Amino acid sequence: MAGEPQDDCLFCKIVKGEIPATVVRETATTVAFRDINPQAPTHVLVIPRVHYKDAATLAAADPEVTADVLREAGEVAAQEKVDGTGYRIVFNTGPGAGQTVFHAHAHVLGGRDLQRLV
């Protein structure tokens with residue numbers, strides 16, 4: 001069921017602590033951790049603790065948690081000290097956009113020039 005943890009989801013397993021991750025922030029509704037294949041000096045994923053397949057589904061089903069994810073992305077940027085120079089928040093939605101884990105998540109990217117597309 002939507003919103004419920006999925007046994008076969010990598011990010012649900014990270015939320016449960018079954019798979020290790022380098023966690024940089026946690027709240028009651030989100031977990032933020034370093035990407036294992038960083039595309040910038042700062043590359044942190046912010047995920048909701050609830051499972052929805054992508055950002056659009058999460059936004060439609062739970063706008064408050066969606067806002068929590070965005071708020072935490074800003075907090076990560078400040079903690080990583082990229083808020084002053086600029087950062088990008090990216091939601092890949094669907095395989096054609098590069099989504100490889102089908103659990104909604106935001107990429108927080110910073111620490112280098114991001115004016116060109118990644």
# chains A, B, ... in the order shown; residues from 1 in each chain; ligands from 1
$ residues_around --residues "segment 8-17 of chain A" --least-positions-apart "6" --cutoff "10 Å" --atoms "only C-alpha atoms" --output "PyMOL selection string"
chain A and resi 23+26+30-33+47-51+53+101-105
$ write_last_selection --atoms "N, CA, C and O atoms" --output "PDB file, in the first residue's frame"
ATOM      1  N   VAL A  23      24.395   8.949   7.250  1.00  0.00           N
ATOM      2  CA  VAL A  23      23.293   9.862   7.551  1.00  0.00           C
ATOM      3  C   VAL A  23      23.855  11.187   8.048  1.00  0.00           C
ATOM      4  O   VAL A  23      24.725  11.215   8.920  1.00  0.00           O
ATOM      5  N   GLU A  26      18.423  13.695  10.403  1.00  0.00           N
ATOM      6  CA  GLU A  26      17.203  12.902  10.533  1.00  0.00           C
ATOM      7  C   GLU A  26      16.146  13.741  11.228  1.00  0.00           C
ATOM      8  O   GLU A  26      16.471  14.516  12.126  1.00  0.00           O
ATOM      9  N   THR A  30      11.841  12.527   7.836  1.00  0.00           N
ATOM     10  CA  THR A  30      12.837  12.433   6.765  1.00  0.00           C
ATOM     11  C   THR A  30      14.157  11.842   7.257  1.00  0.00           C
ATOM     12  O   THR A  30      14.454  11.854   8.445  1.00  0.00           O
ATOM     13  N   VAL A  31      14.935  11.365   6.291  1.00  0.00           N
ATOM     14  CA  VAL A  31      16.321  10.940   6.531  1.00  0.00           C
ATOM     15  C   VAL A  31      17.147  11.530   5.392  1.00  0.00           C
ATOM     16  O   VAL A  31      16.746  11.458   4.221  1.00  0.00           O
ATOM     17  N   ALA A  32      18.292  12.111   5.716  1.00  0.00           N
ATOM     18  CA  ALA A  32      19.208  12.667   4.713  1.00  0.00           C
ATOM     19  C   ALA A  32      20.544  11.950   4.834  1.00  0.00           C
ATOM     20  O   ALA A  32      21.089  11.822   5.929  1.00  0.00           O
ATOM     21  N   PHE A  33      21.057  11.489   3.692  1.00  0.00           N
ATOM     22  CA  PHE A  33      22.314  10.746   3.706  1.00  0.00           C
ATOM     23  C   PHE A  33      23.091  11.014   2.425  1.00  0.00           C
ATOM     24  O   PHE A  33      22.536  11.420   1.411  1.00  0.00           O
ATOM     25  N   ILE A  47      15.135  11.835   1.886  1.00  0.00           N
ATOM     26  CA  ILE A  47      14.021  10.945   1.586  1.00  0.00           C
ATOM     27  C   ILE A  47      12.964  11.035   2.685  1.00  0.00           C
ATOM     28  O   ILE A  47      13.288  11.267   3.844  1.00  0.00           O
ATOM     29  N   PRO A  48      11.708  10.836   2.297  1.00  0.00           N
ATOM     30  CA  PRO A  48      10.681  10.723   3.331  1.00  0.00           C
ATOM     31  C   PRO A  48      10.752   9.346   3.969  1.00  0.00           C
ATOM     32  O   PRO A  48      11.148   8.367   3.316  1.00  0.00           O
ATOM     33  N   ARG A  49      10.383   9.238   5.210  1.00  0.00           N
ATOM     34  CA  ARG A  49      10.346   7.932   5.868  1.00  0.00           C
ATOM     35  C   ARG A  49       9.212   7.069   5.306  1.00  0.00           C
ATOM     36  O   ARG A  49       9.295   5.847   5.371  1.00  0.00           O
ATOM     37  N   VAL A  50       8.190   7.705   4.772  1.00  0.00           N
ATOM     38  CA  VAL A  50       7.085   6.966   4.149  1.00  0.00           C
ATOM     39  C   VAL A  50       7.454   6.655   2.705  1.00  0.00           C
ATOM     40  O   VAL A  50       8.232   7.371   2.081  1.00  0.00           O
ATOM     41  N   HIS A  51       6.911   5.572   2.178  1.00  0.00           N
ATOM     42  CA  HIS A  51       7.252   5.141   0.825  1.00  0.00           C
ATOM     43  C   HIS A  51       6.200   5.597  -0.186  1.00  0.00           C
ATOM     44  O   HIS A  51       5.032   5.229  -0.075  1.00  0.00           O
ATOM     45  N   LYS A  53       6.396   6.182  -4.627  1.00  0.00           N
ATOM     46  CA  LYS A  53       7.306   5.835  -5.721  1.00  0.00           C
ATOM     47  C   LYS A  53       8.073   7.015  -6.298  1.00  0.00           C
ATOM     48  O   LYS A  53       9.166   6.845  -6.822  1.00  0.00           O
ATOM     49  N   VAL A 101      15.960   4.448  -7.989  1.00  0.00           N
ATOM     50  CA  VAL A 101      15.335   3.907  -6.784  1.00  0.00           C
ATOM     51  C   VAL A 101      13.944   4.520  -6.719  1.00  0.00           C
ATOM     52  O   VAL A 101      13.805   5.750  -6.662  1.00  0.00           O
ATOM     53  N   PHE A 102      12.932   3.681  -6.735  1.00  0.00           N
ATOM     54  CA  PHE A 102      11.566   4.163  -6.832  1.00  0.00           C
ATOM     55  C   PHE A 102      10.940   4.362  -5.448  1.00  0.00           C
ATOM     56  O   PHE A 102       9.979   3.709  -5.059  1.00  0.00           O
ATOM     57  N   HIS A 103      11.572   5.297  -4.737  1.00  0.00           N
ATOM     58  CA  HIS A 103      11.133   5.822  -3.444  1.00  0.00           C
ATOM     59  C   HIS A 103      11.440   7.310  -3.581  1.00  0.00           C
ATOM     60  O   HIS A 103      12.577   7.681  -3.886  1.00  0.00           O
ATOM     61  N   ALA A 104      10.439   8.157  -3.423  1.00  0.00           N
ATOM     62  CA  ALA A 104      10.634   9.600  -3.614  1.00  0.00           C
ATOM     63  C   ALA A 104      11.884  10.076  -2.879  1.00  0.00           C
ATOM     64  O   ALA A 104      12.135   9.672  -1.744  1.00  0.00           O
ATOM     65  N   HIS A 105      12.670  10.919  -3.544  1.00  0.00           N
ATOM     66  CA  HIS A 105      13.855  11.475  -2.903  1.00  0.00           C
ATOM     67  C   HIS A 105      14.330  12.715  -3.642  1.00  0.00           C
ATOM     68  O   HIS A 105      14.149  12.842  -4.845  1.00  0.00           O
TER      69      HIS A 105
END
$ select_by_dssp --residues "chain A" --states "alpha helix (DSSP H)" --output "PyMOL selection string"
chain A and resi 10-16+55-61+63-79
$ closest_residue --among "A:Pro20, A:Pro38, A:Pro5, A:Gly86" --to "Gly111 of chain A" --atoms "only C-alpha atoms"
A:Gly86
$ select_by_dssp --residues "chain A" --states "strand (DSSP E)" --output "MDAnalysis selection string"
chainID A and resid 23:26 30:34 42:48 87:90 106:110
$ residues_around --residues "Asp113 of chain A" --least-positions-apart "2" --cutoff "12 Å" --atoms "only C-alpha atoms" --output "number ranges by chain"
A: 39-42, 82, 85-88, 109-111, 115-118
$ atom_distance --atom1 "atom CA of Thr93 of chain A" --atom2 "atom CA of Lys81 of chain A"
26.9 Å
$ closest_residue --among "A:Thr22, A:Asn37, A:Val46, A:Pro63" --to "Ala106 of chain A" --atoms "only C-alpha atoms"
A:Val46
$ closest_residue --among "A:Ala55, A:Ala28, A:Leu45, A:Ile19" --to "Gly94 of chain A" --atoms "only C-alpha atoms"
A:Ala55
$ decode --residues "segment 100-114 of chain A" --atoms "all heavy atoms" --output "PDB file, in the first residue's frame"
ATOM      1  N   THR A 100      16.419   5.754 -10.350  1.00  0.00           N
ATOM      2  CA  THR A 100      16.800   4.342 -10.275  1.00  0.00           C
ATOM      3  C   THR A 100      16.280   3.664  -9.009  1.00  0.00           C
ATOM      4  O   THR A 100      16.196   2.447  -8.966  1.00  0.00           O
ATOM      5  CB  THR A 100      18.330   4.163 -10.351  1.00  0.00           C
ATOM      6  OG1 THR A 100      18.939   4.904  -9.292  1.00  0.00           O
ATOM      7  CG2 THR A 100      18.872   4.645 -11.699  1.00  0.00           C
ATOM      8  N   VAL A 101      15.960   4.448  -7.989  1.00  0.00           N
ATOM      9  CA  VAL A 101      15.335   3.907  -6.784  1.00  0.00           C
ATOM     10  C   VAL A 101      13.944   4.520  -6.719  1.00  0.00           C
ATOM     11  O   VAL A 101      13.805   5.750  -6.662  1.00  0.00           O
ATOM     12  CB  VAL A 101      16.139   4.239  -5.509  1.00  0.00           C
ATOM     13  CG1 VAL A 101      15.423   3.716  -4.273  1.00  0.00           C
ATOM     14  CG2 VAL A 101      17.547   3.659  -5.594  1.00  0.00           C
ATOM     15  N   PHE A 102      12.932   3.681  -6.735  1.00  0.00           N
ATOM     16  CA  PHE A 102      11.566   4.163  -6.832  1.00  0.00           C
ATOM     17  C   PHE A 102      10.940   4.362  -5.448  1.00  0.00           C
ATOM     18  O   PHE A 102       9.979   3.709  -5.059  1.00  0.00           O
ATOM     19  CB  PHE A 102      10.759   3.263  -7.766  1.00  0.00           C
ATOM     20  CG  PHE A 102      11.274   3.403  -9.170  1.00  0.00           C
ATOM     21  CD1 PHE A 102      12.291   2.582  -9.623  1.00  0.00           C
ATOM     22  CD2 PHE A 102      10.825   4.419  -9.987  1.00  0.00           C
ATOM     23  CE1 PHE A 102      12.824   2.756 -10.892  1.00  0.00           C
ATOM     24  CE2 PHE A 102      11.345   4.605 -11.255  1.00  0.00           C
ATOM     25  CZ  PHE A 102      12.350   3.765 -11.703  1.00  0.00           C
ATOM     26  N   HIS A 103      11.572   5.297  -4.737  1.00  0.00           N
ATOM     27  CA  HIS A 103      11.133   5.822  -3.444  1.00  0.00           C
ATOM     28  C   HIS A 103      11.440   7.310  -3.581  1.00  0.00           C
ATOM     29  O   HIS A 103      12.577   7.681  -3.886  1.00  0.00           O
ATOM     30  CB  HIS A 103      11.971   5.182  -2.331  1.00  0.00           C
ATOM     31  CG  HIS A 103      11.625   5.634  -0.943  1.00  0.00           C
ATOM     32  ND1 HIS A 103      11.225   4.745   0.021  1.00  0.00           N
ATOM     33  CD2 HIS A 103      11.633   6.859  -0.353  1.00  0.00           C
ATOM     34  CE1 HIS A 103      11.016   5.398   1.162  1.00  0.00           C
ATOM     35  NE2 HIS A 103      11.264   6.686   0.950  1.00  0.00           N
ATOM     36  N   ALA A 104      10.439   8.157  -3.423  1.00  0.00           N
ATOM     37  CA  ALA A 104      10.634   9.600  -3.614  1.00  0.00           C
ATOM     38  C   ALA A 104      11.884  10.076  -2.879  1.00  0.00           C
ATOM     39  O   ALA A 104      12.135   9.672  -1.744  1.00  0.00           O
ATOM     40  CB  ALA A 104       9.410  10.357  -3.116  1.00  0.00           C
ATOM     41  N   HIS A 105      12.670  10.919  -3.544  1.00  0.00           N
ATOM     42  CA  HIS A 105      13.855  11.475  -2.903  1.00  0.00           C
ATOM     43  C   HIS A 105      14.330  12.715  -3.642  1.00  0.00           C
ATOM     44  O   HIS A 105      14.149  12.842  -4.845  1.00  0.00           O
ATOM     45  CB  HIS A 105      14.997  10.449  -2.821  1.00  0.00           C
ATOM     46  CG  HIS A 105      15.436   9.881  -4.131  1.00  0.00           C
ATOM     47  ND1 HIS A 105      14.712   8.932  -4.821  1.00  0.00           N
ATOM     48  CD2 HIS A 105      16.552  10.113  -4.869  1.00  0.00           C
ATOM     49  CE1 HIS A 105      15.356   8.598  -5.927  1.00  0.00           C
ATOM     50  NE2 HIS A 105      16.467   9.307  -5.984  1.00  0.00           N
ATOM     51  N   ALA A 106      14.929  13.617  -2.880  1.00  0.00           N
ATOM     52  CA  ALA A 106      15.506  14.840  -3.422  1.00  0.00           C
ATOM     53  C   ALA A 106      17.020  14.732  -3.348  1.00  0.00           C
ATOM     54  O   ALA A 106      17.571  14.297  -2.340  1.00  0.00           O
ATOM     55  CB  ALA A 106      15.037  16.052  -2.624  1.00  0.00           C
ATOM     56  N   HIS A 107      17.675  15.137  -4.424  1.00  0.00           N
ATOM     57  CA  HIS A 107      19.134  15.247  -4.448  1.00  0.00           C
ATOM     58  C   HIS A 107      19.480  16.694  -4.109  1.00  0.00           C
ATOM     59  O   HIS A 107      18.955  17.609  -4.746  1.00  0.00           O
ATOM     60  CB  HIS A 107      19.688  14.947  -5.844  1.00  0.00           C
ATOM     61  CG  HIS A 107      19.445  13.564  -6.326  1.00  0.00           C
ATOM     62  ND1 HIS A 107      20.425  12.599  -6.324  1.00  0.00           N
ATOM     63  CD2 HIS A 107      18.335  12.974  -6.842  1.00  0.00           C
ATOM     64  CE1 HIS A 107      19.930  11.480  -6.822  1.00  0.00           C
ATOM     65  NE2 HIS A 107      18.664  11.680  -7.146  1.00  0.00           N
ATOM     66  N   VAL A 108      20.341  16.905  -3.140  1.00  0.00           N
ATOM     67  CA  VAL A 108      20.867  18.235  -2.832  1.00  0.00           C
ATOM     68  C   VAL A 108      22.294  18.247  -3.344  1.00  0.00           C
ATOM     69  O   VAL A 108      23.139  17.478  -2.878  1.00  0.00           O
ATOM     70  CB  VAL A 108      20.833  18.533  -1.312  1.00  0.00           C
ATOM     71  CG1 VAL A 108      21.392  19.923  -1.033  1.00  0.00           C
ATOM     72  CG2 VAL A 108      19.416  18.388  -0.772  1.00  0.00           C
ATOM     73  N   LEU A 109      22.538  19.096  -4.344  1.00  0.00           N
ATOM     74  CA  LEU A 109      23.844  19.163  -5.007  1.00  0.00           C
ATOM     75  C   LEU A 109      24.440  20.548  -4.830  1.00  0.00           C
ATOM     76  O   LEU A 109      23.741  21.556  -5.007  1.00  0.00           O
ATOM     77  CB  LEU A 109      23.686  18.889  -6.501  1.00  0.00           C
ATOM     78  CG  LEU A 109      23.116  17.524  -6.856  1.00  0.00           C
ATOM     79  CD1 LEU A 109      22.365  17.577  -8.165  1.00  0.00           C
ATOM     80  CD2 LEU A 109      24.235  16.515  -6.919  1.00  0.00           C
ATOM     81  N   GLY A 110      25.721  20.609  -4.518  1.00  0.00           N
ATOM     82  CA  GLY A 110      26.395  21.891  -4.380  1.00  0.00           C
ATOM     83  C   GLY A 110      27.892  21.712  -4.255  1.00  0.00           C
ATOM     84  O   GLY A 110      28.408  20.599  -4.323  1.00  0.00           O
ATOM     85  N   GLY A 111      28.573  22.836  -4.094  1.00  0.00           N
ATOM     86  CA  GLY A 111      30.014  22.792  -3.913  1.00  0.00           C
ATOM     87  C   GLY A 111      30.805  22.884  -5.207  1.00  0.00           C
ATOM     88  O   GLY A 111      32.022  22.777  -5.194  1.00  0.00           O
ATOM     89  N   ARG A 112      30.119  23.082  -6.318  1.00  0.00           N
ATOM     90  CA  ARG A 112      30.779  23.315  -7.603  1.00  0.00           C
ATOM     91  C   ARG A 112      29.828  24.113  -8.476  1.00  0.00           C
ATOM     92  O   ARG A 112      28.655  24.286  -8.158  1.00  0.00           O
ATOM     93  CB  ARG A 112      31.178  22.008  -8.285  1.00  0.00           C
ATOM     94  CG  ARG A 112      30.017  21.179  -8.816  1.00  0.00           C
ATOM     95  CD  ARG A 112      30.533  20.081  -9.749  1.00  0.00           C
ATOM     96  NE  ARG A 112      29.519  19.139 -10.131  1.00  0.00           N
ATOM     97  CZ  ARG A 112      28.663  19.290 -11.148  1.00  0.00           C
ATOM     98  NH1 ARG A 112      28.682  20.394 -11.862  1.00  0.00           N
ATOM     99  NH2 ARG A 112      27.779  18.359 -11.442  1.00  0.00           N
ATOM    100  N   ASP A 113      30.334  24.590  -9.620  1.00  0.00           N
ATOM    101  CA  ASP A 113      29.503  25.342 -10.558  1.00  0.00           C
ATOM    102  C   ASP A 113      28.433  24.413 -11.114  1.00  0.00           C
ATOM    103  O   ASP A 113      28.740  23.370 -11.695  1.00  0.00           O
ATOM    104  CB  ASP A 113      30.385  25.890 -11.687  1.00  0.00           C
ATOM    105  CG  ASP A 113      29.603  26.712 -12.692  1.00  0.00           C
ATOM    106  OD1 ASP A 113      28.394  26.961 -12.488  1.00  0.00           O
ATOM    107  OD2 ASP A 113      30.216  27.125 -13.691  1.00  0.00           O
ATOM    108  N   LEU A 114      27.187  24.774 -10.920  1.00  0.00           N
ATOM    109  CA  LEU A 114      26.061  23.952 -11.390  1.00  0.00           C
ATOM    110  C   LEU A 114      25.278  24.642 -12.508  1.00  0.00           C
ATOM    111  O   LEU A 114      24.137  24.290 -12.760  1.00  0.00           O
ATOM    112  CB  LEU A 114      25.123  23.631 -10.218  1.00  0.00           C
ATOM    113  CG  LEU A 114      25.728  22.788  -9.113  1.00  0.00           C
ATOM    114  CD1 LEU A 114      24.804  22.743  -7.904  1.00  0.00           C
ATOM    115  CD2 LEU A 114      26.008  21.368  -9.608  1.00  0.00           C
TER     116      LEU A 114
END
